[in-house]
Amino acid sequence: MATPIVRRNDSQPSQSKTPTKVNSLPLVTRRLAAWTVEMTLVVASGCIPFGLGAYVNSRSDINRLPLNPVLVVTERAIARPLALPVSYGIRNVAWPTNYLWMLALIAPVTLSWWQLYLLAKTGSTLPKRWFGVRVVNEQGKAPGLGGAIAREGIGRWSVPVSIAYILWRYSFAFPNLGLFTFLAVLMVLGESIALPSRQGRRALHDWLAGTEAIDAKRPNGRGALAKTNEPEAPAAATEATLAPITAGETKFPTLWRQVRQNSNLTLFVVTLASMTAVLAALIGTQIYIQKQQNQRETTQVNSQKFLELVKQLSPNSGASLEERQSTILAMGGLNDAQSIQFLADLLVNETNPVLLNSIQQALTTVGIPAIPELKNKNQFLGNELQSAAPQERELWQKRLQLNQQTINKILNVYSGKINGLDLTRTTLSQTSTTGNSSFNLVLENIDLSGLKLKSADLNQASFKGSRFRSVGEDGRWDTFDDAIADLTQVQMKQANLTDANLSRVLLTGSDLSRATLNRANLESARLIGANLSSAQLVGADLQGAVLENASLTGADLGDAKLNEANLYAARLGRVIAIGTQLSFANLSKTDWQGADLSGAYLDRANLSNANLSTSRLTGAVLRSAQLENADLRNADLSFADLRGANVAGADFKDTILAPSKQDPADQFVQTPDTGTVSAVVKGVDFSQAKNLDTKQLAYICTQGGIHPRCP
């Protein structure tokens, strides 16, 4: 007796009584809608916590902590292929930001794998279930984990995004990230749109995985051929549709099946590839062996020449001064490790001025390869100088100066070719305590990009007009391979860096006290904890620079640009900041006590919990600035524009609000155009401000300010 076939129709209780609007849409539309919802959920799960973290970091007064190492590694891994600039070194963020950004990293990954798991086990993610879409393999079952990874990871994302990346990377659009994003989205969408109008035409990801998207609401809706408006199929047809499809009945052959069907062609391709690989390995091995043999022969010849030259330089050789000079210069031409070490040692021990000059010339001829050995000798001589007896200090100073002069010459001669050169902890400053030192490091108007000078002593050095950053191999600025110098914890007291390019350079913990940085480019530089006390920064560009916990006490910031800079908890007492641009800067917890900010632009700056007591803010622009809990005691705010500012909790004890007659001596200070005096505090809410006296309240009320005691 035949088993009766139960038909499903819309009148059965298991189905909704009336078809929903969603299920009436074409399958292609529902597939696209389900995919859009899936992507929206993944993107939102990352963007929302990331945005919250960025906001908290820019507006919060919470103590800073180093960025989580996992986030640092992730940032660098993303930045390299996308040619994004990366700031190395310590980055301090508010502690909630660390957690929010970790959530922004974990949430999309977790959600993606969860959707992939649902797709592998059930054939539908939640969005696909909402839109009545199901993914099945050739047997009509869920695709499984392997099929889901092949479908989503390889077919839907890896292949189209890789093609988009190659087109972008080697086109005029590089490194425009917006164009790459557009191209990647276009490729993914183009690959994902199936063409159901003809049997056997599917998207690439379905073809690779041997899967198919079907209408989950219709038992006979296999494949893209299903239509919501076709009549109900006969019972026998329905039963046949629901039956599993055997391997011989497969309509859409997978890549593996095509390989099996064309076994001869596949065998030929594999054989040809194997022979090519074996031949390439043989040729490569032969080239490597020949190269090693040539190197051994060259090393042996150089060793023989080196021994002959050393004999000529021995005291018993009887060679004349001219012959010894020629021998030293010839040794510099060998350019091998043993000759470099010999010359560096000879520079320390030789006393004849003529021969010392020849040694320096020989080492300069060697060039960059001589730097590591000279660096070792520099550190040795520096240690010996510190521990030397007073009567021996002059001798060690002279030896160190010769070493410093040689390094200075090499850096000048090989400007622009020193990317990655390591001079960590070298002493390149004046070391004489008597003031008779003849050495002064001068590296002006040269390219020092990529030079590593961590903890180096560069006090009183001159770098006027020099460049510490340049483009990398791609020839474009602000990309991952930019050559950027590392000046972390460097000593540069009284150094001259006028007009120098220090953009994005690492200066964390560096000492630049009393340095001259007028018109220097320090855009996006990292100056965390740096000492810039009494430094000259007139007209310097510090836009986007990070100066957290830095000391700028007594510095001159006149006309400097610090837009969007981060000066969290920086010390700026007695700073001269006349006309300085600080718009959108993070100045939370900064100390400006006694500073002159006349005519400064502080619009939309975050000055919450800042100490502005006894500071001069005459004519400053503070529109929409955040001044919560700021200390404004005895500050001069005459002619300052406070429209839109938040002054909740700010302390106005003895603060000057009413404009007074301007001192003729101060007429060089240009005050901004505020229209009329009544516009200075118009609309500003002083309800939660602290310590307002009667005179201040009278001025606020008459000039359009807001306070409960105003009539």
# chains A, B, ... in the order shown; residues from 1 in each chain; ligands from 1
>>> residues_around(residues="Leu517 in chain A", least_positions_apart="5", cutoff="8 Å", atoms="only C-alpha atoms", output="PyMOL selection string")
chain A and resi 496-500+535-538+540
>>> write_last_selection(atoms="all heavy atoms", output="PDB file, in the first residue's frame")
ATOM      1  N   ASN A 496      68.505  72.518  17.757  1.00  0.00           N
ATOM      2  CA  ASN A 496      67.896  73.429  16.785  1.00  0.00           C
ATOM      3  C   ASN A 496      67.188  72.603  15.718  1.00  0.00           C
ATOM      4  O   ASN A 496      67.831  71.940  14.906  1.00  0.00           O
ATOM      5  CB  ASN A 496      68.969  74.318  16.150  1.00  0.00           C
ATOM      6  CG  ASN A 496      68.359  75.437  15.321  1.00  0.00           C
ATOM      7  OD1 ASN A 496      67.171  75.408  14.979  1.00  0.00           O
ATOM      8  ND2 ASN A 496      69.160  76.438  15.001  1.00  0.00           N
ATOM      9  N   LEU A 497      65.857  72.632  15.747  1.00  0.00           N
ATOM     10  CA  LEU A 497      65.043  71.872  14.794  1.00  0.00           C
ATOM     11  C   LEU A 497      64.150  72.803  13.989  1.00  0.00           C
ATOM     12  O   LEU A 497      63.057  72.432  13.564  1.00  0.00           O
ATOM     13  CB  LEU A 497      64.204  70.839  15.548  1.00  0.00           C
ATOM     14  CG  LEU A 497      64.990  69.672  16.160  1.00  0.00           C
ATOM     15  CD1 LEU A 497      64.297  69.133  17.392  1.00  0.00           C
ATOM     16  CD2 LEU A 497      65.202  68.571  15.143  1.00  0.00           C
ATOM     17  N   THR A 498      64.607  73.987  13.747  1.00  0.00           N
ATOM     18  CA  THR A 498      63.838  74.961  12.977  1.00  0.00           C
ATOM     19  C   THR A 498      63.542  74.428  11.584  1.00  0.00           C
ATOM     20  O   THR A 498      64.439  73.918  10.892  1.00  0.00           O
ATOM     21  CB  THR A 498      64.618  76.287  12.865  1.00  0.00           C
ATOM     22  OG1 THR A 498      64.911  76.770  14.175  1.00  0.00           O
ATOM     23  CG2 THR A 498      63.810  77.331  12.110  1.00  0.00           C
ATOM     24  N   ASP A 499      62.267  74.500  11.188  1.00  0.00           N
ATOM     25  CA  ASP A 499      61.812  74.065   9.849  1.00  0.00           C
ATOM     26  C   ASP A 499      62.028  72.574   9.598  1.00  0.00           C
ATOM     27  O   ASP A 499      61.962  72.121   8.446  1.00  0.00           O
ATOM     28  CB  ASP A 499      62.503  74.870   8.736  1.00  0.00           C
ATOM     29  CG  ASP A 499      62.135  76.341   8.784  1.00  0.00           C
ATOM     30  OD1 ASP A 499      60.935  76.636   8.886  1.00  0.00           O
ATOM     31  OD2 ASP A 499      63.055  77.190   8.719  1.00  0.00           O
ATOM     32  N   ALA A 500      62.289  71.802  10.628  1.00  0.00           N
ATOM     33  CA  ALA A 500      62.491  70.360  10.449  1.00  0.00           C
ATOM     34  C   ALA A 500      61.152  69.660  10.237  1.00  0.00           C
ATOM     35  O   ALA A 500      60.107  70.116  10.714  1.00  0.00           O
ATOM     36  CB  ALA A 500      63.202  69.767  11.650  1.00  0.00           C
ATOM     37  N   ALA A 535      60.589  75.461  25.393  1.00  0.00           N
ATOM     38  CA  ALA A 535      60.898  75.265  23.970  1.00  0.00           C
ATOM     39  C   ALA A 535      60.257  76.366  23.130  1.00  0.00           C
ATOM     40  O   ALA A 535      59.228  76.939  23.501  1.00  0.00           O
ATOM     41  CB  ALA A 535      60.413  73.901  23.508  1.00  0.00           C
ATOM     42  N   GLN A 536      60.860  76.644  21.987  1.00  0.00           N
ATOM     43  CA  GLN A 536      60.330  77.627  21.051  1.00  0.00           C
ATOM     44  C   GLN A 536      59.580  76.888  19.944  1.00  0.00           C
ATOM     45  O   GLN A 536      60.179  76.148  19.162  1.00  0.00           O
ATOM     46  CB  GLN A 536      61.471  78.451  20.448  1.00  0.00           C
ATOM     47  CG  GLN A 536      62.256  79.276  21.462  1.00  0.00           C
ATOM     48  CD  GLN A 536      61.417  80.389  22.062  1.00  0.00           C
ATOM     49  OE1 GLN A 536      60.703  81.098  21.354  1.00  0.00           O
ATOM     50  NE2 GLN A 536      61.496  80.534  23.383  1.00  0.00           N
ATOM     51  N   LEU A 537      58.247  77.091  19.897  1.00  0.00           N
ATOM     52  CA  LEU A 537      57.401  76.398  18.926  1.00  0.00           C
ATOM     53  C   LEU A 537      56.563  77.392  18.134  1.00  0.00           C
ATOM     54  O   LEU A 537      55.431  77.103  17.755  1.00  0.00           O
ATOM     55  CB  LEU A 537      56.494  75.399  19.655  1.00  0.00           C
ATOM     56  CG  LEU A 537      57.190  74.160  20.234  1.00  0.00           C
ATOM     57  CD1 LEU A 537      56.451  73.638  21.443  1.00  0.00           C
ATOM     58  CD2 LEU A 537      57.300  73.072  19.179  1.00  0.00           C
ATOM     59  N   VAL A 538      57.107  78.550  17.864  1.00  0.00           N
ATOM     60  CA  VAL A 538      56.374  79.600  17.158  1.00  0.00           C
ATOM     61  C   VAL A 538      56.071  79.139  15.732  1.00  0.00           C
ATOM     62  O   VAL A 538      56.971  78.767  14.970  1.00  0.00           O
ATOM     63  CB  VAL A 538      57.189  80.909  17.133  1.00  0.00           C
ATOM     64  CG1 VAL A 538      56.429  81.987  16.358  1.00  0.00           C
ATOM     65  CG2 VAL A 538      57.480  81.374  18.548  1.00  0.00           C
ATOM     66  N   ALA A 540      54.776  76.455  14.755  1.00  0.00           N
ATOM     67  CA  ALA A 540      54.944  75.007  14.534  1.00  0.00           C
ATOM     68  C   ALA A 540      53.601  74.360  14.222  1.00  0.00           C
ATOM     69  O   ALA A 540      52.545  74.818  14.669  1.00  0.00           O
ATOM     70  CB  ALA A 540      55.574  74.353  15.751  1.00  0.00           C
TER      71      ALA A 540
END
>>> residues_around(residues="Lys589 in chain A", least_positions_apart="3", cutoff="6 Å", atoms="only C-alpha atoms", output="PyMOL selection string")
chain A and resi 569+609-610
>>> closest_residue(among="A:Asn137, A:Thr427, A:Gln312, A:Thr266", to="Gly210 in chain A", atoms="only C-alpha atoms")
A:Asn137
>>> closest_residue(among="A:Arg623, A:Asn531, A:Thr29, A:Asn563", to="Asp511 in chain A", atoms="only C-alpha atoms")
A:Asn531
>>> residues_around(residues="range 178-181 of chain A", least_positions_apart="2", cutoff="8 Å", atoms="only C-alpha atoms", output="ChimeraX atom specification")
/A:164-165,168,173-174,176,183-185
>>> residues_around(residues="range 480-488 of chain A", least_positions_apart="3", cutoff="7 Å", atoms="only C-alpha atoms", output="short mmCIF file (atom, residue, chain, number, x, y, z; two decimals) with all heavy atoms, in the first residue's frame")
data_model
loop_
_atom_site.label_atom_id
_atom_site.label_comp_id
_atom_site.auth_asym_id
_atom_site.auth_seq_id
_atom_site.Cartn_x
_atom_site.Cartn_y
_atom_site.Cartn_z
N ALA A 79 46.80 47.66 8.79
CA ALA A 79 47.38 48.84 8.14
C ALA A 79 48.32 48.49 6.99
O ALA A 79 48.36 49.20 5.99
CB ALA A 79 48.12 49.68 9.18
N ARG A 80 49.08 47.41 7.13
CA ARG A 80 50.07 47.11 6.08
C ARG A 80 49.44 46.87 4.71
O ARG A 80 49.82 47.53 3.74
CB ARG A 80 50.91 45.90 6.50
CG ARG A 80 51.99 45.53 5.50
CD ARG A 80 52.79 44.31 5.97
NE ARG A 80 53.61 44.62 7.12
CZ ARG A 80 54.82 45.18 7.05
NH1 ARG A 80 55.33 45.49 5.86
NH2 ARG A 80 55.50 45.43 8.13
N ALA A 83 47.76 50.08 3.28
CA ALA A 83 48.63 51.25 3.14
C ALA A 83 48.21 52.38 4.05
O ALA A 83 48.28 53.55 3.71
CB ALA A 83 48.67 51.73 1.68
N LEU A 84 47.76 52.04 5.28
CA LEU A 84 47.36 53.04 6.24
C LEU A 84 48.55 53.43 7.12
O LEU A 84 49.40 52.60 7.42
CB LEU A 84 46.23 52.51 7.13
CG LEU A 84 44.91 52.19 6.43
CD1 LEU A 84 43.96 51.52 7.41
CD2 LEU A 84 44.28 53.44 5.86
N PRO A 85 48.62 54.68 7.54
CA PRO A 85 49.71 55.06 8.45
C PRO A 85 49.49 54.47 9.82
O PRO A 85 48.37 54.40 10.32
CB PRO A 85 49.61 56.59 8.48
CG PRO A 85 48.19 56.89 8.14
CD PRO A 85 47.76 55.82 7.19
N VAL A 86 50.56 54.03 10.44
CA VAL A 86 50.47 53.43 11.78
C VAL A 86 51.45 54.16 12.68
O VAL A 86 52.61 54.36 12.33
CB VAL A 86 50.80 51.93 11.74
CG1 VAL A 86 50.88 51.37 13.14
CG2 VAL A 86 49.73 51.19 10.98
N ASN A 419 67.63 54.65 6.07
CA ASN A 419 66.39 54.11 6.62
C ASN A 419 66.66 52.81 7.37
O ASN A 419 67.21 51.86 6.82
CB ASN A 419 65.37 53.87 5.51
CG ASN A 419 64.02 53.42 6.04
OD1 ASN A 419 63.72 53.61 7.22
ND2 ASN A 419 63.22 52.83 5.19
N SER A 449 65.37 60.22 7.37
CA SER A 449 64.16 59.41 7.50
C SER A 449 64.49 57.98 7.92
O SER A 449 65.41 57.36 7.38
CB SER A 449 63.41 59.38 6.17
OG SER A 449 63.13 60.69 5.74
N GLY A 450 63.73 57.47 8.87
CA GLY A 450 63.89 56.09 9.30
C GLY A 450 65.05 55.84 10.22
O GLY A 450 65.30 54.69 10.61
N LEU A 451 65.77 56.87 10.63
CA LEU A 451 66.91 56.70 11.52
C LEU A 451 66.43 56.37 12.93
O LEU A 451 65.53 57.00 13.47
CB LEU A 451 67.74 57.98 11.53
CG LEU A 451 69.07 57.96 12.28
CD1 LEU A 451 70.02 56.94 11.69
CD2 LEU A 451 69.70 59.35 12.28
N LYS A 452 67.05 55.37 13.55
CA LYS A 452 66.68 54.96 14.90
C LYS A 452 67.66 55.59 15.88
O LYS A 452 68.85 55.26 15.89
CB LYS A 452 66.70 53.44 15.03
CG LYS A 452 65.67 52.74 14.16
CD LYS A 452 65.74 51.23 14.32
CE LYS A 452 64.72 50.53 13.43
NZ LYS A 452 64.80 49.06 13.55
N LEU A 453 67.14 56.49 16.72
CA LEU A 453 67.98 57.21 17.67
C LEU A 453 67.43 57.08 19.09
O LEU A 453 67.47 58.02 19.88
CB LEU A 453 68.07 58.69 17.28
CG LEU A 453 68.91 59.00 16.04
CD1 LEU A 453 68.60 60.38 15.50
CD2 LEU A 453 70.40 58.89 16.36
N LYS A 454 66.90 55.91 19.42
CA LYS A 454 66.33 55.70 20.75
C LYS A 454 67.37 55.97 21.83
O LYS A 454 68.48 55.44 21.78
CB LYS A 454 65.82 54.26 20.89
CG LYS A 454 64.54 53.96 20.14
CD LYS A 454 64.10 52.54 20.44
CE LYS A 454 62.80 52.19 19.74
NZ LYS A 454 62.36 50.81 20.04
N SER A 455 66.99 56.80 22.80
CA SER A 455 67.83 57.10 23.97
C SER A 455 69.19 57.65 23.59
O SER A 455 70.13 57.59 24.39
CB SER A 455 68.01 55.83 24.83
OG SER A 455 66.75 55.31 25.22
N PHE A 468 62.92 64.00 8.98
CA PHE A 468 62.95 62.76 9.74
C PHE A 468 61.87 61.79 9.26
O PHE A 468 61.64 60.77 9.88
CB PHE A 468 62.75 63.05 11.22
CG PHE A 468 63.93 63.74 11.86
CD1 PHE A 468 64.08 65.11 11.78
CD2 PHE A 468 64.90 63.01 12.52
CE1 PHE A 468 65.16 65.76 12.36
CE2 PHE A 468 65.98 63.64 13.11
CZ PHE A 468 66.12 65.02 13.02
N ARG A 469 61.23 62.13 8.17
CA ARG A 469 60.19 61.28 7.61
C ARG A 469 60.14 61.48 6.11
O ARG A 469 60.30 62.59 5.61
CB ARG A 469 58.84 61.63 8.21
CG ARG A 469 57.68 60.83 7.64
CD ARG A 469 56.37 61.52 7.92
NE ARG A 469 55.27 60.83 7.24
CZ ARG A 469 54.12 61.40 6.95
NH1 ARG A 469 53.89 62.64 7.26
NH2 ARG A 469 53.18 60.73 6.33
N SER A 470 59.95 60.40 5.37
CA SER A 470 59.83 60.49 3.92
C SER A 470 58.92 59.37 3.42
O SER A 470 58.54 58.47 4.18
CB SER A 470 61.20 60.38 3.25
OG SER A 470 61.78 59.10 3.49
N VAL A 471 58.58 59.44 2.15
CA VAL A 471 57.73 58.40 1.57
C VAL A 471 58.51 57.10 1.46
O VAL A 471 59.74 57.09 1.39
CB VAL A 471 57.22 58.83 0.18
CG1 VAL A 471 56.36 60.06 0.28
CG2 VAL A 471 58.39 59.09 -0.77
N GLY A 472 57.78 56.00 1.45
CA GLY A 472 58.42 54.68 1.31
C GLY A 472 58.56 54.29 -0.14
O GLY A 472 58.60 55.13 -1.05
N GLU A 473 58.60 52.99 -0.36
CA GLU A 473 58.80 52.47 -1.71
C GLU A 473 57.65 52.81 -2.65
O GLU A 473 57.84 52.92 -3.86
CB GLU A 473 58.99 50.95 -1.66
CG GLU A 473 60.26 50.52 -0.93
CD GLU A 473 60.41 49.01 -0.91
OE1 GLU A 473 59.50 48.33 -1.44
OE2 GLU A 473 61.40 48.52 -0.36
N TRP A 477 52.70 59.56 0.49
CA TRP A 477 52.68 59.92 1.90
C TRP A 477 51.56 59.19 2.62
O TRP A 477 50.59 58.76 2.02
CB TRP A 477 52.49 61.43 2.06
CG TRP A 477 53.66 62.25 1.64
CD1 TRP A 477 53.78 62.96 0.49
CD2 TRP A 477 54.89 62.44 2.35
NE1 TRP A 477 54.99 63.59 0.44
CE2 TRP A 477 55.69 63.29 1.57
CE3 TRP A 477 55.36 61.98 3.57
CZ2 TRP A 477 56.97 63.69 1.98
CZ3 TRP A 477 56.63 62.37 3.97
CH2 TRP A 477 57.42 63.22 3.19
N VAL A 505 56.72 61.40 13.68
CA VAL A 505 57.92 60.86 14.29
C VAL A 505 57.64 60.50 15.75
O VAL A 505 56.85 61.16 16.44
CB VAL A 505 59.07 61.88 14.20
CG1 VAL A 505 60.26 61.47 15.05
CG2 VAL A 505 59.49 62.05 12.75
N LEU A 506 58.29 59.45 16.24
CA LEU A 506 58.14 59.01 17.62
C LEU A 506 59.09 59.79 18.51
O LEU A 506 60.31 59.69 18.37
CB LEU A 506 58.43 57.51 17.72
CG LEU A 506 57.49 56.58 16.96
CD1 LEU A 506 57.98 55.15 17.09
CD2 LEU A 506 56.09 56.70 17.46
N LEU A 507 58.50 60.57 19.43
CA LEU A 507 59.28 61.35 20.37
C LEU A 507 58.81 61.10 21.80
O LEU A 507 58.91 61.97 22.66
CB LEU A 507 59.17 62.84 20.03
CG LEU A 507 59.93 63.30 18.76
CD1 LEU A 507 59.31 64.53 18.17
CD2 LEU A 507 61.39 63.55 19.09
N THR A 508 58.28 59.92 22.05
CA THR A 508 57.76 59.56 23.36
C THR A 508 58.86 59.62 24.42
O THR A 508 59.91 59.00 24.26
CB THR A 508 57.15 58.15 23.33
OG1 THR A 508 56.12 58.11 22.36
CG2 THR A 508 56.59 57.77 24.69
N GLY A 509 58.60 60.39 25.49
CA GLY A 509 59.56 60.47 26.58
C GLY A 509 60.82 61.24 26.26
O GLY A 509 61.79 61.20 27.03
N SER A 510 60.86 61.97 25.14
CA SER A 510 62.07 62.68 24.73
C SER A 510 62.21 63.99 25.50
O SER A 510 61.24 64.59 25.96
CB SER A 510 62.03 62.96 23.23
OG SER A 510 62.00 61.75 22.51
#
>>> closest_residue(among="A:Ser588, A:Asn445, A:Gln404, A:Thr298", to="Asn611 in chain A", atoms="only C-alpha atoms")
A:Ser588
>>> residues_around(residues="Val188 in chain A", least_positions_apart="5", cutoff="12 Å", atoms="only C-alpha atoms", output="PyMOL selection string")
chain A and resi 32+35-36+39+152-165+181-183+193-194+203-205
>>> write_last_selection(atoms="N, CA and C atoms", output="mmCIF file, in the first residue's frame")
data_model
loop_
_atom_site.group_PDB
_atom_site.id
_atom_site.type_symbol
_atom_site.label_atom_id
_atom_site.label_comp_id
_atom_site.auth_asym_id
_atom_site.auth_seq_id
_atom_site.Cartn_x
_atom_site.Cartn_y
_atom_site.Cartn_z
ATOM 1 N N LEU A 32 19.188 38.750 -1.487
ATOM 2 C CA LEU A 32 19.956 39.979 -1.339
ATOM 3 C C LEU A 32 19.606 40.691 -0.033
ATOM 4 N N TRP A 35 21.199 38.784 2.882
ATOM 5 C CA TRP A 35 22.645 39.039 2.924
ATOM 6 C C TRP A 35 22.934 40.445 3.452
ATOM 7 N N THR A 36 22.118 41.418 3.042
ATOM 8 C CA THR A 36 22.295 42.791 3.517
ATOM 9 C C THR A 36 22.109 42.877 5.029
ATOM 10 N N MET A 39 25.201 41.347 6.790
ATOM 11 C CA MET A 39 26.347 42.248 6.785
ATOM 12 C C MET A 39 26.131 43.441 7.704
ATOM 13 N N GLU A 152 31.177 30.843 1.840
ATOM 14 C CA GLU A 152 31.250 32.201 2.354
ATOM 15 C C GLU A 152 32.687 32.727 2.390
ATOM 16 N N GLY A 153 33.603 31.924 2.927
ATOM 17 C CA GLY A 153 34.962 32.411 3.110
ATOM 18 C C GLY A 153 35.731 32.571 1.819
ATOM 19 N N ILE A 154 35.603 31.554 0.930
ATOM 20 C CA ILE A 154 36.388 31.585 -0.309
ATOM 21 C C ILE A 154 35.612 32.243 -1.437
ATOM 22 N N GLY A 155 34.440 31.683 -1.741
ATOM 23 C CA GLY A 155 33.709 32.146 -2.908
ATOM 24 C C GLY A 155 33.128 33.529 -2.763
ATOM 25 N N ARG A 156 32.500 33.803 -1.611
ATOM 26 C CA ARG A 156 31.793 35.076 -1.481
ATOM 27 C C ARG A 156 32.739 36.226 -1.136
ATOM 28 N N TRP A 157 33.806 35.956 -0.362
ATOM 29 C CA TRP A 157 34.647 37.047 0.114
ATOM 30 C C TRP A 157 36.065 37.020 -0.434
ATOM 31 N N SER A 158 36.781 35.912 -0.265
ATOM 32 C CA SER A 158 38.203 35.899 -0.613
ATOM 33 C C SER A 158 38.444 36.203 -2.083
ATOM 34 N N VAL A 159 37.730 35.538 -2.957
ATOM 35 C CA VAL A 159 37.975 35.710 -4.396
ATOM 36 C C VAL A 159 37.625 37.123 -4.864
ATOM 37 N N PRO A 160 36.408 37.630 -4.637
ATOM 38 C CA PRO A 160 36.097 38.981 -5.139
ATOM 39 C C PRO A 160 36.910 40.081 -4.479
ATOM 40 N N VAL A 161 37.159 39.968 -3.161
ATOM 41 C CA VAL A 161 37.928 41.010 -2.484
ATOM 42 C C VAL A 161 39.388 40.980 -2.951
ATOM 43 N N SER A 162 39.928 39.801 -3.196
ATOM 44 C CA SER A 162 41.302 39.699 -3.703
ATOM 45 C C SER A 162 41.431 40.329 -5.074
ATOM 46 N N ILE A 163 40.460 40.083 -5.932
ATOM 47 C CA ILE A 163 40.481 40.703 -7.263
ATOM 48 C C ILE A 163 40.396 42.214 -7.138
ATOM 49 N N ALA A 164 39.498 42.693 -6.264
ATOM 50 C CA ALA A 164 39.364 44.136 -6.054
ATOM 51 C C ALA A 164 40.658 44.729 -5.508
ATOM 52 N N TYR A 165 41.320 44.010 -4.608
ATOM 53 C CA TYR A 165 42.565 44.515 -4.008
ATOM 54 C C TYR A 165 43.677 44.624 -5.053
ATOM 55 N N THR A 181 37.231 50.467 -1.127
ATOM 56 C CA THR A 181 35.990 50.007 -0.495
ATOM 57 C C THR A 181 34.872 49.909 -1.529
ATOM 58 N N PHE A 182 34.772 50.935 -2.372
ATOM 59 C CA PHE A 182 33.740 50.914 -3.417
ATOM 60 C C PHE A 182 33.946 49.745 -4.370
ATOM 61 N N LEU A 183 35.202 49.523 -4.774
ATOM 62 C CA LEU A 183 35.501 48.442 -5.714
ATOM 63 C C LEU A 183 35.234 47.079 -5.082
ATOM 64 N N ILE A 193 25.125 38.191 -6.859
ATOM 65 C CA ILE A 193 23.832 38.205 -7.534
ATOM 66 C C ILE A 193 23.712 36.982 -8.437
ATOM 67 N N ALA A 194 22.860 36.061 -8.046
ATOM 68 C CA ALA A 194 22.647 34.854 -8.861
ATOM 69 C C ALA A 194 21.775 35.183 -10.053
ATOM 70 N N ALA A 203 25.758 31.765 -8.633
ATOM 71 C CA ALA A 203 26.857 32.625 -8.218
ATOM 72 C C ALA A 203 28.106 31.787 -7.993
ATOM 73 N N LEU A 204 29.283 32.469 -8.020
ATOM 74 C CA LEU A 204 30.555 31.766 -7.890
ATOM 75 C C LEU A 204 30.636 31.001 -6.571
ATOM 76 N N HIS A 205 30.168 31.609 -5.470
ATOM 77 C CA HIS A 205 30.301 30.941 -4.171
ATOM 78 C C HIS A 205 29.469 29.657 -4.108
#
>>> select_by_dssp(residues="range 265-473 of chain A", states="alpha helix (DSSP H)", output="JSON, numbers by chain")
{"A": [265, 266, 267, 268, 269, 270, 271, 272, 273, 274, 275, 276, 277, 278, 279, 280, 281, 282, 283, 284, 285, 286, 287, 288, 289, 290, 291, 292, 293, 294, 295, 296, 297, 298, 299, 300, 301, 302, 303, 304, 305, 306, 307, 308, 309, 310, 311, 312, 313, 321, 322, 323, 324, 325, 326, 327, 328, 329, 330, 331, 332, 333, 334, 337, 338, 339, 340, 341, 342, 343, 344, 345, 346, 347, 348, 349, 353, 354, 355, 356, 357, 358, 359, 360, 361, 362, 363, 364, 365, 366, 371, 372, 373, 374, 375, 376, 377, 378, 379, 380, 381, 382, 383, 384, 385, 386, 387, 393, 394, 395, 396, 397, 398, 399, 400, 401, 402, 403, 404, 405, 406, 407, 408, 409, 410, 411, 412, 413]}
>>> residues_around(residues="Glu373 in chain A", least_positions_apart="3", cutoff="10 Å", atoms="only C-alpha atoms", output="list in words")
Ala337, Ile340, Gln341, Phe342, Leu343, Ala344, Asp345, Pro369, Ala370, Asn376, Lys377 and Asn378 of chain A
>>> write_last_selection(atoms="N, CA and C atoms", output="mmCIF file, in the first residue's frame")
data_model
loop_
_atom_site.group_PDB
_atom_site.id
_atom_site.type_symbol
_atom_site.label_atom_id
_atom_site.label_comp_id
_atom_site.auth_asym_id
_atom_site.auth_seq_id
_atom_site.Cartn_x
_atom_site.Cartn_y
_atom_site.Cartn_z
ATOM 1 N N ALA A 337 84.048 43.027 7.046
ATOM 2 C CA ALA A 337 83.863 43.181 8.484
ATOM 3 C C ALA A 337 85.184 43.357 9.225
ATOM 4 N N ILE A 340 86.750 46.833 8.629
ATOM 5 C CA ILE A 340 85.984 47.880 9.316
ATOM 6 C C ILE A 340 86.313 47.886 10.800
ATOM 7 N N GLN A 341 86.361 46.714 11.411
ATOM 8 C CA GLN A 341 86.682 46.624 12.833
ATOM 9 C C GLN A 341 88.098 47.131 13.108
ATOM 10 N N PHE A 342 89.042 46.787 12.224
ATOM 11 C CA PHE A 342 90.426 47.232 12.396
ATOM 12 C C PHE A 342 90.510 48.750 12.327
ATOM 13 N N LEU A 343 89.815 49.353 11.359
ATOM 14 C CA LEU A 343 89.848 50.813 11.211
ATOM 15 C C LEU A 343 89.189 51.508 12.396
ATOM 16 N N ALA A 344 88.091 50.934 12.898
ATOM 17 C CA ALA A 344 87.426 51.536 14.061
ATOM 18 C C ALA A 344 88.317 51.480 15.295
ATOM 19 N N ASP A 345 89.035 50.371 15.468
ATOM 20 C CA ASP A 345 89.974 50.268 16.593
ATOM 21 C C ASP A 345 91.140 51.234 16.412
ATOM 22 N N PRO A 369 77.859 50.570 6.215
ATOM 23 C CA PRO A 369 78.306 49.345 6.912
ATOM 24 C C PRO A 369 79.249 49.605 8.083
ATOM 25 N N ALA A 370 79.867 50.776 8.142
ATOM 26 C CA ALA A 370 80.792 51.070 9.240
ATOM 27 C C ALA A 370 80.072 51.557 10.492
ATOM 28 N N ASN A 376 79.284 50.733 18.394
ATOM 29 C CA ASN A 376 79.822 49.961 19.515
ATOM 30 C C ASN A 376 80.974 50.697 20.193
ATOM 31 N N LYS A 377 81.856 51.256 19.371
ATOM 32 C CA LYS A 377 82.979 52.013 19.931
ATOM 33 C C LYS A 377 82.480 53.270 20.639
ATOM 34 N N ASN A 378 81.440 53.897 20.107
ATOM 35 C CA ASN A 378 80.877 55.102 20.716
ATOM 36 C C ASN A 378 80.354 54.803 22.116
#
